[in-house]
Amino acid sequence: LSAAEAGPHDILKLYNTKGSIINISPNLEANTLQTRYKLEVVAVDCKSEVIGLDLAAALGIDLCAMEKRLQELEKKVLGMTGAMPSIVYEMRNRVETFREKLESVEHLSWLGLFKELTEGTDKLSHFYHNRPLRKSEEECQQVLEKYLQMSTLEVTKDVKQYLKTPTFNNWYWEDAEMMVLLQLMYTDLDFTTKFNIEMEVLQQFLSDVYRHYNNIPFHNFKHCFCVTQMMYGLIWLTDLQSNMDDIDILTMLTSAICHDLDHTGYNNAYQINARTELALRYNDISPLENHHCAVAFEILEKPGSNIFRNLTTEQYKRIREGMIKCILATDMTRHNDILNRFRAILPVFDFNNKEHKDILTMIIIKVSDISNEARPMDVAEPWLDCLLQEFFNQSDKEKLEGLPVSPFMDRDKVRKSSSQTGFIRFVLLPLFIELANLFPNLEQHLIDPVRKALDYYTEMENALEMGKQSQAGSEKGAKVSEKDTEKPKSGEQPEHKKPEKATQLRAVTGSVSHKAKAVRSPQNSDKK
Ligand SMILES: [Zn+2]
């Protein structure tokens, strides 16, 4: 589609010769033959409901019809046999993987973002622009049905153990499975027994949470899962249960699950500059975090989803206060303030002091929230691409709306390596090091991988710098791209097992009575 043929619902963008997006304004200089502007259609028919199946249609594949047919077959089989044969699961899996692939084709191209910096960065993701922000009821229903079916299955010991490690690879698990694992965290920490949380209520709560994470590149349900999983890992690694009350740990885990509810993909700066509803409602004070927290308690207001409904009023009050503190602490503008408070109390840290514990919980959720770089490179790097994509979506929107653009979000300015080295050096490491001061064994689990990531991105940056210099030095210009900096060999990464999740999680043990089975004492083998 050329710009001249664009319809009323298409989005056009104007580029200069360098390929940078420019605003149309009275100050726009007239173009010449040499500095020709380029007008391009970047998203077509934005009013339509198409989710990104355009590509499938173009390939002659009717994914919707396939899925419907599969659903019918599933129902039939279920009606005939009373149980779902694993072959049907496999089929469904394949269709879903295919759908995911189709929908993330554009996203995948970001993986090559750095390697072709000059050509790669000015392409827009059509899919994310077209895809509705909120999950459709159909979309949720599919995942939730699957989750409920799976939730009756026994999770193997290996998976349970793996779930407690920071090397956990989220990319191998689908949403329904992640929900089973979240449920497992509550049972393995013994919360379901200790706080009398009924399984149906826990499942309803998790389902509501799932519905309220949006279809955006980074702050989505998978991010919610990763942050919660890292926090879960930290709880075990630091043996937190022997130093803190269960109610504090329940607060932390639930805060992690809720900490980005209904994120729309545009940060606080955007909310404030664009004077969005959220910024108005919360007077520019952490609009997003206030919203995440409010949505969490809206969910908890419904008795069917209120996992705290059997707690005393006092206990509920304490959890609510704690969750508000934790979730609001994830606003990065408060980073230095919270870190400095933690530094101040560290030398005299006392687990019996409520203020000390409050600050520690804030630090732990902050660490979990930005812990991607502490994960193995093959887990962490795709997350960085997702984050950049969300940033670029925002800066594009800001440019279109004539709002200020943060340089670290600008596709014309940001560099994967330098953005990471700066972030790791000045934000991540100082924070993680303080937490490791209190829990020395985190050094190996958190700090070491982060240092490795820093080395990796520094090397990348240096190679780029050298490339630039040699290009400037000789007319020929020895071209060094980021491609040339080798990624650390997988052997240098902390070893992480990759259990064959599909088979292991689904290693059905026959019985369906999950209630008795689901409750596990955490006091076995794992605790020293
Ligand atoms: Zn987050």
# chains A, B, ... in the order shown; residues from 1 in each chain; ligands from 1
>>> residues_around(residues="Tyr186 in chain A", least_positions_apart="5", cutoff="12 Å", atoms="only C-alpha atoms", output="VMD selection string")
chain A and resid 179 to 181 191 to 199 202 to 203 205 to 206 228 to 229 232 246 249 to 254 257 307 518 to 522
>>> select_by_dssp(residues="range 121-215 of chain A", states="helix (DSSP H, G or I)", output="VMD selection string")
chain A and resid 126 to 130 137 to 150 157 to 162 170 to 172 175 to 188 191 to 194 199 to 211
>>> closest_atom_pairs(of="chain A", to="ligand 1", cutoff="8 Å", atoms="only C-alpha atoms and all ligand atoms", output="CSV")
residue,atom,partner,partner_atom_place_in_ligand_line,distance
A:His219,CA,ligand 1,1 (Zn),6.2
A:His223,CA,ligand 1,1 (Zn),6.6
A:Cys224,CA,ligand 1,1 (Zn),6.7
A:Val227,CA,ligand 1,1 (Zn),6.9
A:His259,CA,ligand 1,1 (Zn),6.2
A:Asp260,CA,ligand 1,1 (Zn),5.4
A:Thr330,CA,ligand 1,1 (Zn),7.1
A:Asp369,CA,ligand 1,1 (Zn),4.9
A:Ile370,CA,ligand 1,1 (Zn),7.2
>>> write_last_selection(atoms="C-alpha atoms", output="compact mmCIF listing (two decimals), in the first residue's frame")
# COMPACT_ATOMS: atom_id res chain seq x y z
CA HIS A 219 4.63 -5.56 30.86
CA HIS A 223 6.60 -10.47 33.00
CA CYS A 224 4.28 -10.88 35.98
CA VAL A 227 9.00 -11.28 38.58
CA HIS A 259 2.57 -5.41 40.55
CA ASP A 260 1.91 -4.50 36.88
CA THR A 330 8.25 -0.48 41.95
CA ASP A 369 11.11 -6.56 39.00
CA ILE A 370 14.34 -5.71 37.22
>>> closest_residue(among="A:Glu465, A:Glu154, A:Glu139, A:Asp208", to="Lys302 in chain A", atoms="only C-alpha atoms")
A:Asp208
>>> residues_around(residues="Ser2 in chain A", least_positions_apart="3", cutoff="9 Å", atoms="only C-alpha atoms", output="JSON, numbers by chain")
{"A": [5, 6, 39, 40, 41]}
>>> closest_atom_pairs(of="range 184-237 of chain A", to="range 163-172 of chain A", cutoff="9 Å", atoms="only C-alpha atoms", output="CSV")
residue,atom,partner,partner_atom,distance
A:Met185,CA,A:Leu163,CA,8.7
A:Lys222,CA,A:Asn170,CA,7.5
A:Phe225,CA,A:Asn170,CA,8.1
A:Cys226,CA,A:Asn170,CA,6.9
A:Gln229,CA,A:Leu163,CA,7.0
A:Met230,CA,A:Pro166,CA,5.9
A:Met231,CA,A:Pro166,CA,9.0
A:Tyr232,CA,A:Lys164,CA,6.3
A:Gly233,CA,A:Lys164,CA,4.3
A:Leu234,CA,A:Lys164,CA,7.9
A:Ile235,CA,A:Lys164,CA,8.5
A:Trp236,CA,A:Lys164,CA,6.7
A:Leu237,CA,A:Lys164,CA,7.9
>>> write_last_selection(atoms="C-alpha atoms", output="mmCIF file, in the first residue's frame")
data_model
loop_
_atom_site.group_PDB
_atom_site.id
_atom_site.type_symbol
_atom_site.label_atom_id
_atom_site.label_comp_id
_atom_site.auth_asym_id
_atom_site.auth_seq_id
_atom_site.Cartn_x
_atom_site.Cartn_y
_atom_site.Cartn_z
ATOM 1 C CA MET A 185 4.001 -21.378 44.716
ATOM 2 C CA LYS A 222 4.835 -13.357 31.290
ATOM 3 C CA PHE A 225 5.238 -14.530 36.094
ATOM 4 C CA CYS A 226 8.981 -13.872 35.824
ATOM 5 C CA GLN A 229 9.182 -16.531 40.019
ATOM 6 C CA MET A 230 12.327 -14.558 40.833
ATOM 7 C CA MET A 231 10.797 -13.451 44.099
ATOM 8 C CA TYR A 232 9.835 -17.049 44.838
ATOM 9 C CA GLY A 233 13.419 -18.079 44.128
ATOM 10 C CA LEU A 234 14.728 -15.354 46.425
ATOM 11 C CA ILE A 235 12.387 -16.445 49.193
ATOM 12 C CA TRP A 236 13.925 -19.927 49.090
ATOM 13 C CA LEU A 237 17.514 -18.836 48.459
#
>>> closest_residue(among="A:Thr264, A:Asn336, A:Asn31, A:Asn243", to="Arg134 in chain A", atoms="only C-alpha atoms")
A:Thr264
>>> closest_residue(among="A:Glu29, A:Lys146, A:Lys160, A:Val201", to="Glu177 in chain A", atoms="only C-alpha atoms")
A:Lys146
>>> closest_residue(among="A:Leu431, A:Lys68, A:Ile327, A:Ile363", to="His291 in chain A", atoms="only C-alpha atoms")
A:Ile327
>>> residues_around(residues="Ile272 in chain A", least_positions_apart="4", cutoff="10 Å", atoms="only C-alpha atoms", output="PyMOL selection string")
chain A and resi 267-268+276-280+282-287
>>> residues_around(residues="Ser417 in chain A", least_positions_apart="3", cutoff="8 Å", atoms="only C-alpha atoms", output="ChimeraX atom specification")
/A:420-421,457-458,460-461
>>> residues_around(residues="Leu261 in chain A", least_positions_apart="3", cutoff="6 Å", atoms="only C-alpha atoms", output="ChimeraX atom specification")
/A:212-213,258,292
>>> write_last_selection(atoms="C-alpha atoms", output="short mmCIF file (atom, residue, chain, number, x, y, z; two decimals), in the first residue's frame")
data_model
loop_
_atom_site.label_atom_id
_atom_site.label_comp_id
_atom_site.auth_asym_id
_atom_site.auth_seq_id
_atom_site.Cartn_x
_atom_site.Cartn_y
_atom_site.Cartn_z
CA HIS A 212 -5.96 -8.02 33.70
CA TYR A 213 -2.54 -8.29 32.11
CA CYS A 258 -0.21 -7.95 41.03
CA HIS A 292 -1.80 -1.62 39.42
#
